[in-house]
Amino acid sequence: MPVTDPIRTHDEPTPLGCDPADLARVEAIVRQSGTSFAAGMRVLPSYRRYGMYAIYAFCRIVDDIADGDTPSSLSGAGQIQERMAQLEAWHARIARLYNDETRDALDRVLHAAIRFFALRKEDFDAVIDGMTMDAGSPIVAPDEETLDLYCDRVASAVGRLSVHVFGDSSEHAKRVAYHLGRALQLTNILRDVAVDARTGRLYLPRDLLMRFDVPADPQQVLVAPGLAGVMRIMAARAQDHFREAFSSMKKCDRRAMIPARMMGGSYLAILNALERRGWDHVLTPSPVSKLGKAAGVLRAFAA
C-alpha cells in the first residue's frame, strides 16, 4: 500500500524528526560526492528527500569501500582483506540500527528512515553483499546467474529501498525496482565497458561472449570482432527492462513514481545514445547533454 504523507505537528519540527545538524551532515555526504542525485531529489517532500539522502549516503560509502577509494596504508591482498572487513562491519552496523542503536549522524538519519518508511534490513544487506562482490578479485565474465544476482544487489535492492521512500510499497512498485534496477545497471555496464576493462573488470556474461567468440579477457575484449553482437543483445535486454519498468509504473501511485520516471528517462537517454553511436565504436565516448536527458525524462512521463 502507498505510504501517505504525514500531517506535520509541533512534535516533529524537522524532516523525519531528526536533528538539523544530522540532516545537514547526511546531505553534505551526498553533495560532496559530486552526483546530480541531490538535484533530482528536490521534487520530493523534505522528509522523503532526506530519507533518500540517507540511502544514497550509505550506498556511496559502501561503494567507495568496494572501489578502494577510502584511505588505506595497505596494498594488494592486505587492502582486499581490509575492504572485506569494512564491508562486514557495515553488516554489523545495519544490524545495530535495527536494534535501535545509533552512533553518528548517518546512523541517526538512516534509523529514522528505516522506522518511518519500514525499510527492510535484507535490502541493505543485499547492497553490501553486492559491493563485496566488487571488493575482492575483479569480476570477469560472470555466468548469467551471477550477473543477475550482482545487478539485483547493487541496483534493484537500492530500488526496493527507494520505492518505499517514494511512497509506494505495492507489488507493482517492487516490479519497478526489479526491472528499473536491472535496466540502469545494464546501461552502466554497456556505457563503461572500456573503463571497466582498464581496471581488469568485465561484466559481460561468459555464455554470451562464447556465443560470439569473444575472449573472456578484459584486455582483449575491446578489439574482438564479435563484441558488437554481445553489446546489442545486452542493450536489448536493458530496453526490455525499461519497458517493463515503465509498464509497472502505470499501476503504481503516480506521484510516488515521479523520481523513478525521472531516473529511468535519464538513463534510457544514455542507452539510446549508445545505440545511435553503434557498438562497433565502444572506445568512442557518447555523452548525453542535459537537454538530451531532459528530453528522455519527458518521454518517460509520456510512456
# chains A, B, ... in the order shown; residues from 1 in each chain; ligands from 1
>>> residues_around(residues="A:Arg175", least_positions_apart="3", cutoff="9 Å", atoms="only C-alpha atoms", output="PyMOL selection string")
chain A and resi 160+170-172+178-180+244-245+248-249
>>> residues_around(residues="stretch 145-151 of chain A", least_positions_apart="3", cutoff="6 Å", atoms="only C-alpha atoms", output="compact mmCIF listing (two decimals) with N, CA, C and O atoms, in the first residue's frame")
# COMPACT_ATOMS: atom_id res chain seq x y z
N GLY A 130 26.47 -6.96 -2.60
CA GLY A 130 26.82 -6.60 -3.97
C GLY A 130 28.16 -5.90 -4.03
O GLY A 130 28.99 -6.16 -4.91
N PRO A 142 31.21 -13.04 -15.70
CA PRO A 142 30.43 -13.92 -14.81
C PRO A 142 29.41 -14.74 -15.60
O PRO A 142 29.09 -14.39 -16.75
N VAL A 154 23.28 -4.62 -6.35
CA VAL A 154 23.81 -3.26 -6.39
C VAL A 154 22.82 -2.25 -6.95
O VAL A 154 23.03 -1.04 -6.80
N ALA A 155 21.74 -2.71 -7.59
CA ALA A 155 20.81 -1.77 -8.20
C ALA A 155 19.36 -2.01 -7.79
O ALA A 155 18.71 -1.11 -7.26
N ARG A 182 17.72 -3.31 -12.87
CA ARG A 182 18.48 -4.05 -13.87
C ARG A 182 18.72 -3.22 -15.12
O ARG A 182 19.81 -3.27 -15.71
>>> residues_around(residues="stretch 227-242 of chain A", least_positions_apart="2", cutoff="8 Å", atoms="only C-alpha atoms", output="ChimeraX atom specification")
/A:179-180,182-184,186-187,190,204,208-209,212,214,221-225,244-246,264,268,271,275,279-280
>>> write_last_selection(atoms="C-alpha atoms", output="PDB file, in the first residue's frame")
ATOM      1  CA  HIS A 179      13.219  -4.041 -13.724  1.00  0.00           C
ATOM      2  CA  LEU A 180      14.448  -0.467 -13.394  1.00  0.00           C
ATOM      3  CA  ARG A 182      18.478  -4.054 -13.866  1.00  0.00           C
ATOM      4  CA  ALA A 183      17.896  -1.586 -16.707  1.00  0.00           C
ATOM      5  CA  LEU A 184      20.094   1.034 -15.021  1.00  0.00           C
ATOM      6  CA  LEU A 186      22.986  -2.955 -17.621  1.00  0.00           C
ATOM      7  CA  THR A 187      23.156   0.560 -19.073  1.00  0.00           C
ATOM      8  CA  LEU A 190      27.329  -1.022 -21.584  1.00  0.00           C
ATOM      9  CA  LEU A 204      29.540  -9.096 -19.823  1.00  0.00           C
ATOM     10  CA  LEU A 208      27.238 -14.601 -24.421  1.00  0.00           C
ATOM     11  CA  LEU A 209      30.936 -13.934 -25.011  1.00  0.00           C
ATOM     12  CA  PHE A 212      30.174 -14.574 -30.322  1.00  0.00           C
ATOM     13  CA  VAL A 214      34.782 -13.016 -27.764  1.00  0.00           C
ATOM     14  CA  VAL A 221      37.525  -7.903 -25.349  1.00  0.00           C
ATOM     15  CA  LEU A 222      37.521  -4.348 -26.735  1.00  0.00           C
ATOM     16  CA  VAL A 223      39.146  -5.349 -30.033  1.00  0.00           C
ATOM     17  CA  ALA A 224      37.212  -8.591 -30.530  1.00  0.00           C
ATOM     18  CA  PRO A 225      35.144  -8.567 -33.764  1.00  0.00           C
ATOM     19  CA  GLU A 244       8.670  -3.498 -18.072  1.00  0.00           C
ATOM     20  CA  ALA A 245       9.590  -0.848 -15.511  1.00  0.00           C
ATOM     21  CA  PHE A 246       7.565   1.892 -17.223  1.00  0.00           C
ATOM     22  CA  GLY A 264      14.515   5.927 -15.876  1.00  0.00           C
ATOM     23  CA  LEU A 268      17.182   5.498 -21.182  1.00  0.00           C
ATOM     24  CA  LEU A 271      21.235   3.843 -23.620  1.00  0.00           C
ATOM     25  CA  GLU A 275      22.807   2.587 -29.585  1.00  0.00           C
ATOM     26  CA  TRP A 279      28.505  -0.978 -30.844  1.00  0.00           C
ATOM     27  CA  ASP A 280      31.466  -1.090 -33.215  1.00  0.00           C
TER      28      ASP A 280
END
>>> closest_residue(among="A:Glu82, A:Ala113, A:Gly51, A:Leu298", to="A:Met262", atoms="only C-alpha atoms")
A:Leu298
>>> closest_residue(among="A:Asp253, A:Ser33, A:Asp152, A:His91", to="A:Ile61", atoms="only C-alpha atoms")
A:Ser33
>>> closest_residue(among="A:Ile114, A:Val165, A:Ala92, A:Ala216", to="A:Ala260", atoms="only C-alpha atoms")
A:Val165
>>> residues_around(residues="A:Gln220", least_positions_apart="6", cutoff="12 Å", atoms="only C-alpha atoms", output="number ranges by chain")
A: 193-194, 197-198, 200-202, 209, 213-214, 226-227
>>> write_last_selection(atoms="N, CA, C and O atoms", output="mmCIF file, in the first residue's frame")
data_model
loop_
_atom_site.group_PDB
_atom_site.id
_atom_site.type_symbol
_atom_site.label_atom_id
_atom_site.label_comp_id
_atom_site.auth_asym_id
_atom_site.auth_seq_id
_atom_site.Cartn_x
_atom_site.Cartn_y
_atom_site.Cartn_z
ATOM 1 N N VAL A 193 32.039 -0.232 -20.437
ATOM 2 C CA VAL A 193 32.783 -1.456 -20.736
ATOM 3 C C VAL A 193 34.269 -1.167 -20.944
ATOM 4 O O VAL A 193 35.128 -1.939 -20.487
ATOM 5 N N ALA A 194 34.611 -0.051 -21.585
ATOM 6 C CA ALA A 194 36.024 0.263 -21.813
ATOM 7 C C ALA A 194 36.713 0.692 -20.517
ATOM 8 O O ALA A 194 37.851 0.286 -20.246
ATOM 9 N N ALA A 197 37.273 -2.354 -18.414
ATOM 10 C CA ALA A 197 38.354 -3.197 -18.946
ATOM 11 C C ALA A 197 39.712 -2.701 -18.487
ATOM 12 O O ALA A 197 40.612 -3.500 -18.191
ATOM 13 N N ARG A 198 39.866 -1.380 -18.384
ATOM 14 C CA ARG A 198 41.157 -0.824 -17.950
ATOM 15 C C ARG A 198 41.467 -1.153 -16.497
ATOM 16 O O ARG A 198 42.626 -1.118 -16.083
ATOM 17 N N GLY A 200 40.585 -4.080 -15.205
ATOM 18 C CA GLY A 200 40.576 -5.540 -15.107
ATOM 19 C C GLY A 200 39.219 -6.141 -14.868
ATOM 20 O O GLY A 200 39.126 -7.312 -14.491
ATOM 21 N N ARG A 201 38.147 -5.371 -15.086
ATOM 22 C CA ARG A 201 36.794 -5.881 -14.871
ATOM 23 C C ARG A 201 36.091 -6.118 -16.205
ATOM 24 O O ARG A 201 36.312 -5.399 -17.178
ATOM 25 N N LEU A 202 35.223 -7.116 -16.220
ATOM 26 C CA LEU A 202 34.444 -7.422 -17.416
ATOM 27 C C LEU A 202 33.115 -8.020 -16.962
ATOM 28 O O LEU A 202 33.060 -9.167 -16.517
ATOM 29 N N LEU A 209 29.622 -14.132 -24.402
ATOM 30 C CA LEU A 209 30.936 -13.934 -25.011
ATOM 31 C C LEU A 209 31.335 -15.156 -25.835
ATOM 32 O O LEU A 209 31.833 -15.025 -26.961
ATOM 33 N N ASP A 213 32.285 -15.689 -29.896
ATOM 34 C CA ASP A 213 33.738 -15.908 -29.984
ATOM 35 C C ASP A 213 34.545 -14.711 -29.484
ATOM 36 O O ASP A 213 35.560 -14.323 -30.067
ATOM 37 N N VAL A 214 34.081 -14.131 -28.388
ATOM 38 C CA VAL A 214 34.782 -13.016 -27.764
ATOM 39 C C VAL A 214 35.553 -13.550 -26.562
ATOM 40 O O VAL A 214 34.972 -14.226 -25.704
ATOM 41 N N GLY A 226 33.544 -9.855 -32.442
ATOM 42 C CA GLY A 226 32.194 -10.252 -32.043
ATOM 43 C C GLY A 226 31.593 -9.426 -30.931
ATOM 44 O O GLY A 226 30.434 -9.644 -30.541
ATOM 45 N N LEU A 227 32.347 -8.451 -30.393
ATOM 46 C CA LEU A 227 31.862 -7.696 -29.235
ATOM 47 C C LEU A 227 30.554 -6.961 -29.547
ATOM 48 O O LEU A 227 29.668 -6.895 -28.696
#
>>> closest_residue(among="A:Asp134, A:Asp217, A:Asp123, A:Asp196", to="A:Val158", atoms="only C-alpha atoms")
A:Asp123
>>> atom_distance(atom1="atom CA of A:Arg120", atom2="atom CA of A:Ala39")
25.8 Å
>>> closest_residue(among="A:Arg31, A:His164, A:Arg153, A:Arg83", to="A:Ala135", atoms="only C-alpha atoms")
A:Arg83
>>> closest_residue(among="A:Asp64, A:Asp207, A:Asp192, A:Asp129", to="A:Ile270", atoms="only C-alpha atoms")
A:Asp192
>>> residues_around(residues="A:Phe166", least_positions_apart="2", cutoff="8 Å", atoms="only C-alpha atoms", output="PDB file with all heavy atoms, in the first residue's frame")
ATOM      1  N   LEU A  44      10.965  15.826  -4.233  1.00  0.00           N
ATOM      2  CA  LEU A  44      10.349  15.115  -3.116  1.00  0.00           C
ATOM      3  C   LEU A  44      10.079  16.047  -1.942  1.00  0.00           C
ATOM      4  O   LEU A  44      10.831  16.998  -1.709  1.00  0.00           O
ATOM      5  CB  LEU A  44      11.266  13.981  -2.640  1.00  0.00           C
ATOM      6  CG  LEU A  44      11.503  12.823  -3.605  1.00  0.00           C
ATOM      7  CD1 LEU A  44      12.579  11.905  -3.041  1.00  0.00           C
ATOM      8  CD2 LEU A  44      10.217  12.041  -3.849  1.00  0.00           C
ATOM      9  N   ARG A  48      10.880  12.833   2.675  1.00  0.00           N
ATOM     10  CA  ARG A  48      11.247  11.777   1.724  1.00  0.00           C
ATOM     11  C   ARG A  48      12.634  12.068   1.132  1.00  0.00           C
ATOM     12  O   ARG A  48      13.433  11.145   0.917  1.00  0.00           O
ATOM     13  CB  ARG A  48      10.205  11.681   0.613  1.00  0.00           C
ATOM     14  CG  ARG A  48       8.825  11.236   1.091  1.00  0.00           C
ATOM     15  CD  ARG A  48       7.925  10.874  -0.081  1.00  0.00           C
ATOM     16  NE  ARG A  48       6.560  10.647   0.356  1.00  0.00           N
ATOM     17  CZ  ARG A  48       6.107   9.525   0.884  1.00  0.00           C
ATOM     18  NH1 ARG A  48       6.930   8.513   1.080  1.00  0.00           N
ATOM     19  NH2 ARG A  48       4.838   9.403   1.237  1.00  0.00           N
ATOM     20  N   SER A 162      14.208   2.456  -2.282  1.00  0.00           N
ATOM     21  CA  SER A 162      13.784   3.764  -2.778  1.00  0.00           C
ATOM     22  C   SER A 162      12.281   3.873  -2.955  1.00  0.00           C
ATOM     23  O   SER A 162      11.677   4.899  -2.594  1.00  0.00           O
ATOM     24  CB  SER A 162      14.483   4.065  -4.111  1.00  0.00           C
ATOM     25  OG  SER A 162      15.888   4.108  -3.950  1.00  0.00           O
ATOM     26  N   VAL A 163      11.639   2.824  -3.514  1.00  0.00           N
ATOM     27  CA  VAL A 163      10.198   2.952  -3.772  1.00  0.00           C
ATOM     28  C   VAL A 163       9.420   3.099  -2.470  1.00  0.00           C
ATOM     29  O   VAL A 163       8.373   3.759  -2.438  1.00  0.00           O
ATOM     30  CB  VAL A 163       9.658   1.779  -4.621  1.00  0.00           C
ATOM     31  CG1 VAL A 163      10.235   1.822  -6.023  1.00  0.00           C
ATOM     32  CG2 VAL A 163       9.902   0.422  -3.960  1.00  0.00           C
ATOM     33  N   HIS A 164       9.913   2.506  -1.388  1.00  0.00           N
ATOM     34  CA  HIS A 164       9.275   2.709  -0.088  1.00  0.00           C
ATOM     35  C   HIS A 164       9.344   4.175   0.311  1.00  0.00           C
ATOM     36  O   HIS A 164       8.361   4.749   0.792  1.00  0.00           O
ATOM     37  CB  HIS A 164       9.959   1.853   0.979  1.00  0.00           C
ATOM     38  CG  HIS A 164       9.460   0.445   1.039  1.00  0.00           C
ATOM     39  ND1 HIS A 164       8.642  -0.007   2.036  1.00  0.00           N
ATOM     40  CD2 HIS A 164       9.656  -0.608   0.210  1.00  0.00           C
ATOM     41  CE1 HIS A 164       8.355  -1.286   1.836  1.00  0.00           C
ATOM     42  NE2 HIS A 164       8.964  -1.669   0.725  1.00  0.00           N
ATOM     43  N   ASP A 168       5.403   4.209  -2.319  1.00  0.00           N
ATOM     44  CA  ASP A 168       4.619   3.082  -2.818  1.00  0.00           C
ATOM     45  C   ASP A 168       5.357   1.791  -2.483  1.00  0.00           C
ATOM     46  O   ASP A 168       6.462   1.561  -2.962  1.00  0.00           O
ATOM     47  CB  ASP A 168       4.403   3.192  -4.326  1.00  0.00           C
ATOM     48  CG  ASP A 168       3.317   2.250  -4.844  1.00  0.00           C
ATOM     49  OD1 ASP A 168       3.094   1.200  -4.210  1.00  0.00           O
ATOM     50  OD2 ASP A 168       2.690   2.571  -5.875  1.00  0.00           O
ATOM     51  N   ALA A 256       4.185   8.971  -6.496  1.00  0.00           N
ATOM     52  CA  ALA A 256       5.335   8.277  -5.921  1.00  0.00           C
ATOM     53  C   ALA A 256       6.357   7.887  -6.981  1.00  0.00           C
ATOM     54  O   ALA A 256       7.550   7.766  -6.697  1.00  0.00           O
ATOM     55  CB  ALA A 256       4.875   7.038  -5.160  1.00  0.00           C
ATOM     56  N   MET A 257       5.905   7.693  -8.215  1.00  0.00           N
ATOM     57  CA  MET A 257       6.798   7.232  -9.275  1.00  0.00           C
ATOM     58  C   MET A 257       7.509   8.364 -10.008  1.00  0.00           C
ATOM     59  O   MET A 257       8.291   8.111 -10.931  1.00  0.00           O
ATOM     60  CB  MET A 257       6.005   6.381 -10.277  1.00  0.00           C
ATOM     61  CG  MET A 257       5.632   4.999  -9.768  1.00  0.00           C
ATOM     62  SD  MET A 257       7.073   3.950  -9.406  1.00  0.00           S
ATOM     63  CE  MET A 257       6.984   3.905  -7.596  1.00  0.00           C
ATOM     64  N   PRO A 259      10.102  10.328  -9.163  1.00  0.00           N
ATOM     65  CA  PRO A 259      11.571  10.183  -9.185  1.00  0.00           C
ATOM     66  C   PRO A 259      12.022   8.987 -10.021  1.00  0.00           C
ATOM     67  O   PRO A 259      13.051   9.063 -10.701  1.00  0.00           O
ATOM     68  CB  PRO A 259      11.935   9.995  -7.709  1.00  0.00           C
ATOM     69  CG  PRO A 259      10.781  10.546  -6.949  1.00  0.00           C
ATOM     70  CD  PRO A 259       9.580  10.248  -7.782  1.00  0.00           C
TER      71      PRO A 259
END
